[in-house]
file upload05.pdb (PDB, C-alpha atoms)
ATOM      1  CA  MET A   1      37.147  52.381  53.331
ATOM      2  CA  ARG A   2      34.814  50.239  55.315
ATOM      3  CA  GLY A   3      31.895  51.084  52.963
ATOM      4  CA  GLN A   4      33.912  49.998  49.973
ATOM      5  CA  ALA A   5      34.662  46.652  51.621
ATOM      6  CA  HIS A   6      30.970  46.050  52.309
ATOM      7  CA  THR A   7      30.097  46.948  48.720
ATOM      8  CA  LEU A   8      32.760  44.623  47.382
ATOM      9  CA  GLU A   9      31.549  41.880  49.715
ATOM     10  CA  GLY A  10      27.955  42.398  48.453
ATOM     11  CA  PHE A  11      29.031  42.088  44.812
ATOM     12  CA  ALA A  12      31.017  38.933  45.565
ATOM     13  CA  ALA A  13      28.029  37.407  47.374
ATOM     14  CA  ALA A  14      25.729  38.280  44.451
ATOM     15  CA  ILE A  15      28.119  36.651  41.973
ATOM     16  CA  VAL A  16      28.329  33.492  44.101
ATOM     17  CA  LEU A  17      24.528  33.389  44.455
ATOM     18  CA  LEU A  18      23.896  33.903  40.735
ATOM     19  CA  SER A  19      26.528  31.293  39.854
ATOM     20  CA  GLY A  20      24.749  28.791  42.109
ATOM     21  CA  VAL A  21      21.368  29.501  40.510
ATOM     22  CA  LEU A  22      22.844  29.257  37.007
ATOM     23  CA  PHE A  23      24.515  25.943  37.838
ATOM     24  CA  ALA A  24      21.246  24.563  39.274
ATOM     25  CA  LEU A  25      19.300  25.531  36.160
ATOM     26  CA  GLN A  26      21.831  23.899  33.852
ATOM     27  CA  ALA A  27      21.946  20.737  35.948
ATOM     28  CA  THR A  28      18.163  20.208  35.763
ATOM     29  CA  ALA A  29      17.269  17.409  33.368
ATOM     30  CA  VAL A  30      14.825  18.298  30.646
ATOM     31  CA  THR A  31      12.857  15.228  29.577
ATOM     32  CA  PRO A  32      10.538  14.872  26.593
ATOM     33  CA  LEU A  33       7.536  15.141  28.907
ATOM     34  CA  THR A  34       8.544  18.515  30.399
ATOM     35  CA  ALA A  35       7.586  20.475  27.312
ATOM     36  CA  SER A  36       3.925  21.246  26.759
ATOM     37  CA  THR A  37       4.008  20.031  23.157
ATOM     38  CA  SER A  38       5.600  16.683  23.965
ATOM     39  CA  ASN A  39       2.310  14.896  24.664
ATOM     40  CA  GLN A  40       1.005  16.040  21.299
ATOM     41  CA  HIS A  41       4.180  14.747  19.663
ATOM     42  CA  ILE A  42       3.757  11.336  21.332
ATOM     43  CA  GLU A  43       0.097  11.211  20.293
ATOM     44  CA  ASN A  44       1.014  12.079  16.699
ATOM     45  CA  GLN A  45       3.662   9.369  16.695
ATOM     46  CA  GLN A  46       1.270   6.753  18.111
ATOM     47  CA  SER A  47      -1.391   7.740  15.586
ATOM     48  CA  ALA A  48       1.061   7.363  12.704
ATOM     49  CA  VAL A  49       2.179   3.954  13.987
ATOM     50  CA  ALA A  50      -1.440   2.786  14.342
ATOM     51  CA  GLU A  51      -2.284   3.991  10.818
ATOM     52  CA  GLY A  52       0.817   2.288   9.453
ATOM     53  CA  THR A  53      -0.006  -0.949  11.249
ATOM     54  CA  LEU A  54      -3.480  -1.060   9.712
ATOM     55  CA  ALA A  55      -2.153  -0.104   6.276
ATOM     56  CA  SER A  56       0.498  -2.823   6.322
ATOM     57  CA  ALA A  57      -2.002  -5.405   7.619
ATOM     58  CA  GLU A  58      -4.313  -4.549   4.749
ATOM     59  CA  ALA A  59      -1.478  -4.627   2.210
ATOM     60  CA  ASN A  60      -0.099  -7.988   3.335
ATOM     61  CA  GLY A  61      -3.544  -9.572   3.601
ATOM     62  CA  THR A  62      -3.728 -10.163   7.366
ATOM     63  CA  LEU A  63      -6.524  -7.707   8.205
ATOM     64  CA  ARG A  64      -9.421  -9.470   6.434
ATOM     65  CA  PRO A  65      -8.728 -12.894   8.038
ATOM     66  CA  ALA A  66      -8.717 -11.218  11.468
ATOM     67  CA  VAL A  67     -12.183  -9.771  10.807
ATOM     68  CA  LEU A  68     -13.336 -13.252   9.724
ATOM     69  CA  TYR A  69     -11.711 -15.005  12.715
ATOM     70  CA  TRP A  70     -15.161 -15.849  14.067
ATOM     71  CA  ASN A  71     -16.609 -18.964  15.686
ATOM     72  CA  THR A  72     -20.272 -19.456  14.763
ATOM     73  CA  THR A  73     -20.809 -22.052  17.502
ATOM     74  CA  THR A  74     -19.815 -19.767  20.388
ATOM     75  CA  GLU A  75     -20.780 -16.597  18.492
ATOM     76  CA  ARG A  76     -17.580 -14.795  19.426
ATOM     77  CA  PHE A  77     -14.083 -14.390  18.074
ATOM     78  CA  MET A  78     -12.194 -17.671  18.074
ATOM     79  CA  HIS A  79     -10.112 -18.652  21.121
ATOM     80  CA  THR A  80     -11.522 -15.961  23.405
ATOM     81  CA  GLY A  81     -12.833 -16.466  26.909
ATOM     82  CA  GLU A  82     -16.353 -16.032  28.211
ATOM     83  CA  ASP A  83     -16.235 -12.295  27.592
ATOM     84  CA  GLY A  84     -15.575 -12.877  23.880
ATOM     85  CA  VAL A  85     -12.585 -10.515  23.562
ATOM     86  CA  TYR A  86      -8.825 -10.828  23.591
ATOM     87  CA  ALA A  87      -7.576  -9.092  26.735
ATOM     88  CA  ALA A  88      -3.867  -9.930  26.910
ATOM     89  CA  GLY A  89      -2.940  -8.775  23.412
ATOM     90  CA  GLY A  90      -4.014  -9.274  19.843
ATOM     91  CA  PRO A  91      -5.800 -12.328  18.441
ATOM     92  CA  PRO A  92      -3.751 -15.444  17.630
ATOM     93  CA  THR A  93      -3.497 -14.447  13.976
ATOM     94  CA  PRO A  94      -0.773 -12.753  11.922
ATOM     95  CA  PHE A  95      -2.615  -9.444  12.464
ATOM     96  CA  GLY A  96      -2.571 -10.040  16.222
ATOM     97  CA  ALA A  97       1.141 -10.857  16.117
ATOM     98  CA  THR A  98       1.758  -7.563  14.334
ATOM     99  CA  LEU A  99      -0.216  -5.692  16.996
ATOM    100  CA  ASN A 100       1.706  -7.387  19.798
ATOM    101  CA  GLU A 101       5.090  -6.709  18.183
ATOM    102  CA  THR A 102       4.247  -3.099  17.379
ATOM    103  CA  PHE A 103       2.592  -2.015  20.620
ATOM    104  CA  GLY A 104       3.096  -4.662  23.289
ATOM    105  CA  GLU A 105       6.851  -4.315  23.644
ATOM    106  CA  ASP A 106       6.634  -0.514  24.028
ATOM    107  CA  ARG A 107       4.095  -0.662  26.868
ATOM    108  CA  ILE A 108       1.325   0.731  24.704
ATOM    109  CA  ALA A 109      -2.151  -0.667  25.319
ATOM    110  CA  PHE A 110      -4.634  -1.042  22.485
ATOM    111  CA  ASN A 111      -8.256  -1.876  21.838
ATOM    112  CA  VAL A 112      -9.535  -3.153  18.499
ATOM    113  CA  GLU A 113     -13.140  -3.061  17.402
ATOM    114  CA  VAL A 114     -14.916  -3.803  14.152
ATOM    115  CA  GLY A 115     -17.666  -1.422  13.101
ATOM    116  CA  TYR A 116     -20.497  -2.200  10.706
ATOM    117  CA  ARG A 117     -23.882  -0.848   9.572
ATOM    118  CA  ARG A 118     -27.134  -2.434  10.657
ATOM    119  CA  ALA A 119     -30.189  -2.688   8.404
ATOM    120  CA  ASP A 120     -31.732   0.413  10.014
ATOM    121  CA  GLY A 121     -28.595   2.435   9.219
ATOM    122  CA  SER A 122     -27.302   2.580  12.782
ATOM    123  CA  LEU A 123     -23.729   1.675  13.591
ATOM    124  CA  GLY A 124     -22.836  -1.528  15.404
ATOM    125  CA  ARG A 125     -19.509  -2.517  16.905
ATOM    126  CA  ALA A 126     -17.927  -5.858  17.753
ATOM    127  CA  GLN A 127     -15.093  -5.639  20.279
ATOM    128  CA  MET A 128     -12.132  -7.797  19.220
ATOM    129  CA  VAL A 129      -9.426  -6.694  21.698
ATOM    130  CA  TYR A 130     -10.104  -4.941  24.998
ATOM    131  CA  MET A 131      -7.105  -4.046  27.151
ATOM    132  CA  GLY A 132      -8.912  -1.489  29.304
ATOM    133  CA  ALA A 133     -10.382   1.973  29.210
ATOM    134  CA  PRO A 134      -8.291   4.342  27.077
ATOM    135  CA  SER A 135      -6.563   7.290  28.733
ATOM    136  CA  ASP A 136      -7.230  10.924  27.847
ATOM    137  CA  ASN A 137      -4.228  10.847  25.503
ATOM    138  CA  ALA A 138      -5.475   7.895  23.433
ATOM    139  CA  VAL A 139      -5.456   8.086  19.645
ATOM    140  CA  ALA A 140      -7.397   6.076  17.083
ATOM    141  CA  ALA A 141      -6.824   4.816  13.562
ATOM    142  CA  THR A 142      -9.352   3.176  11.240
ATOM    143  CA  ARG A 143      -9.253   1.100   8.092
ATOM    144  CA  SER A 144     -12.109  -0.215   5.958
ATOM    145  CA  VAL A 145     -12.307  -3.877   4.974
ATOM    146  CA  VAL A 146     -14.746  -5.038   2.291
ATOM    147  CA  LEU A 147     -16.315  -8.461   2.898
ATOM    148  CA  TYR A 148     -18.111 -10.483   0.253
ATOM    149  CA  ASP A 149     -20.865 -13.060   0.753
ATOM    150  CA  ASP A 150     -18.598 -15.978  -0.123
ATOM    151  CA  ASP A 151     -15.731 -15.031   2.250
ATOM    152  CA  PRO A 152     -15.075 -18.089   4.452
ATOM    153  CA  LEU A 153     -15.073 -17.878   8.230
ATOM    154  CA  ALA A 154     -12.017 -19.113  10.123
ATOM    155  CA  ASP A 155     -13.906 -21.869  11.971
ATOM    156  CA  GLY A 156     -14.664 -23.674   8.688
ATOM    157  CA  SER A 157     -18.426 -23.480   9.198
ATOM    158  CA  GLY A 158     -19.089 -21.820   5.866
ATOM    159  CA  ASN A 159     -19.168 -18.341   4.482
ATOM    160  CA  VAL A 160     -19.962 -15.050   6.140
ATOM    161  CA  SER A 161     -23.337 -14.636   4.404
ATOM    162  CA  ALA A 162     -24.666 -17.997   5.610
ATOM    163  CA  ALA A 163     -23.507 -17.279   9.167
ATOM    164  CA  ALA A 164     -25.175 -13.866   9.154
ATOM    165  CA  GLY A 165     -28.355 -15.363   7.674
ATOM    166  CA  SER A 166     -28.613 -17.715  10.648
ATOM    167  CA  GLY A 167     -27.831 -14.906  13.118
ATOM    168  CA  ARG A 168     -24.448 -16.358  14.072
ATOM    169  CA  PHE A 169     -22.157 -13.565  12.814
ATOM    170  CA  TYR A 170     -21.651 -10.229  14.544
ATOM    171  CA  ALA A 171     -22.679  -8.159  11.522
ATOM    172  CA  PRO A 172     -25.732  -8.423   9.269
ATOM    173  CA  ASP A 173     -25.532  -8.704   5.483
ATOM    174  CA  ALA A 174     -25.644  -5.123   4.200
ATOM    175  CA  ASP A 175     -26.568  -6.234   0.665
ATOM    176  CA  PRO A 176     -28.630  -9.463   0.853
ATOM    177  CA  ASP A 177     -29.378  -9.439  -2.898
ATOM    178  CA  GLY A 178     -25.818  -8.782  -4.110
ATOM    179  CA  PRO A 179     -22.345 -10.274  -3.721
ATOM    180  CA  LEU A 180     -21.201  -7.574  -1.278
ATOM    181  CA  PHE A 181     -21.611  -8.521   2.383
ATOM    182  CA  GLY A 182     -20.576  -5.215   3.901
ATOM    183  CA  VAL A 183     -17.833  -2.732   4.618
ATOM    184  CA  MET A 184     -16.294  -3.303   8.041
ATOM    185  CA  GLU A 185     -14.364  -0.551   9.775
ATOM    186  CA  VAL A 186     -11.462  -1.830  11.879
ATOM    187  CA  ARG A 187     -10.611   0.703  14.576
ATOM    188  CA  ILE A 188      -7.510   0.626  16.779
ATOM    189  CA  VAL A 189      -7.340   2.830  19.871
ATOM    190  CA  VAL A 190      -3.845   3.086  21.388
ATOM    191  CA  TRP A 191      -2.490   4.754  24.523
ATOM    192  CA  ARG A 192       0.619   4.649  26.662
ATOM    193  CA  ILE A 193       0.352   2.641  29.863
TER     194      ILE A 193
END
call {"tool": "encode", "arguments": {"input": "upload05.pdb", "output": "structure tokens"}}
result
Amino acid sequence: MRGQAHTLEGFAAAIVLLSGVLFALQATAVTPLTASTSNQHIENQQSAVAEGTLASAEANGTLRPAVLYWNTTTERFMHTGEDGVYAAGGPPTPFGATLNETFGEDRIAFNVEVGYRRADGSLGRAQMVYMGAPSDNAVAATRSVVLYDDDPLADGSGNVSAAAGSGRFYAPDADPDGPLFGVMEVRIVVWRI
């Protein structure tokens, strides 16, 4: 009889122990970052938002003026400090406002650079926004912007071709004999802070 009591006591203890473990497992919070695929999901979402931001900026006509928001006197983007980049958000343009509204409120940092081709075929880059070094989970989106020789600069000093001819624009004229100035590649790199 005593053996049966010990066996019954063992089963009861096992049930209590398993119930405690089951309760602990169900009480554990599962967050989006606990799954191994969640980081990839966040990166995909950020990439889609960055692509959409560039696409809408191109469609509503705010991307080209941002590329031309150049001061030929200081030879940097307008209203930047000594380092020549915007560090606290986007430029003071409609494109910059879109960047700040899209990424700034969600604690997502971003860098923006404008790529171009030099006469020797190498790639050059002009940094527009620099909010720091991207993390390992950063994603990028690009959009091409075609500039023509007669496109005016934002500082009112003339057109892009004249500024490049005097060495006061960040990119050289890719087609000096034709109306095309060059194809600029606007690149946004975004990452969660």
call {"tool": "closest_residue", "arguments": {"input": "upload05.pdb", "among": "A:Ile188, A:Ala5, A:Ala133, A:Ala171", "to": "Gly96 of chain A", "atoms": "only C-alpha atoms"}}
result
A:Ile188
call {"tool": "resolve_selection", "arguments": {"input": "upload05.pdb", "expression": "the PyMOL selection byres ((chain A and resi 145) around 7)", "output": "list of chain:residue names"}}
result
A:Arg64, A:Arg143, A:Ser144, A:Val146, A:Leu147, A:Val183, A:Met184, A:Glu185
call {"tool": "resolve_selection", "arguments": {"input": "upload05.pdb", "expression": "the PyMOL selection byres ((chain A and resi 114-119) around 7)", "output": "CSV table (one decimal) with C-alpha atoms, keeping the file's coordinate frame"}}
result
chain,number,residue,atom,x,y,z
A,112,VAL,CA,-9.5,-3.2,18.5
A,113,GLU,CA,-13.1,-3.1,17.4
A,120,ASP,CA,-31.7,0.4,10.0
A,121,GLY,CA,-28.6,2.4,9.2
A,122,SER,CA,-27.3,2.6,12.8
A,123,LEU,CA,-23.7,1.7,13.6
A,124,GLY,CA,-22.8,-1.5,15.4
A,125,ARG,CA,-19.5,-2.5,16.9
A,126,ALA,CA,-17.9,-5.9,17.8
A,127,GLN,CA,-15.1,-5.6,20.3
A,171,ALA,CA,-22.7,-8.2,11.5
A,172,PRO,CA,-25.7,-8.4,9.3
A,174,ALA,CA,-25.6,-5.1,4.2
A,183,VAL,CA,-17.8,-2.7,4.6
A,184,MET,CA,-16.3,-3.3,8.0
A,185,GLU,CA,-14.4,-0.6,9.8
A,186,VAL,CA,-11.5,-1.8,11.9
A,187,ARG,CA,-10.6,0.7,14.6
call {"tool": "closest_residue", "arguments": {"input": "upload05.pdb", "among": "A:Val85, A:Val21, A:Val190, A:Val139", "to": "Asn100 of chain A", "atoms": "all atoms listed in the file"}}
result
A:Val190
call {"tool": "closest_residue", "arguments": {"input": "upload05.pdb", "among": "A:Leu8, A:Ile108, A:Ala88, A:Leu99", "to": "Tyr130 of chain A", "atoms": "all atoms listed in the file"}}
result
A:Ala88
call {"tool": "closest_residue", "arguments": {"input": "upload05.pdb", "among": "A:Val189, A:Ala109, A:Val160, A:Ala14", "to": "Pro176 of chain A", "atoms": "all atoms listed in the file"}}
result
A:Val160
call {"tool": "closest_residue", "arguments": {"input": "upload05.pdb", "among": "A:Asn39, A:Thr98, A:Gln26, A:Gln45", "to": "Asn60 of chain A", "atoms": "all atoms listed in the file"}}
result
A:Thr98
call {"tool": "closest_residue", "arguments": {"input": "upload05.pdb", "among": "A:Ile193, A:Val129, A:Met78, A:Ala97", "to": "Ala57 of chain A", "atoms": "only C-alpha atoms"}}
result
A:Ala97
call {"tool": "atom_distance", "arguments": {"input": "upload05.pdb", "atom1": "atom CA of Leu153 of chain A", "atom2": "atom CA of Val67 of chain A"}}
result
9.0 Å
call {"tool": "atom_distance", "arguments": {"input": "upload05.pdb", "atom1": "atom CA of Met131 of chain A", "atom2": "atom CA of Gly182 of chain A"}}
result
26.9 Å
call {"tool": "atom_distance", "arguments": {"input": "upload05.pdb", "atom1": "atom CA of Pro65 of chain A", "atom2": "atom CA of Ala138 of chain A"}}
result
26.1 Å
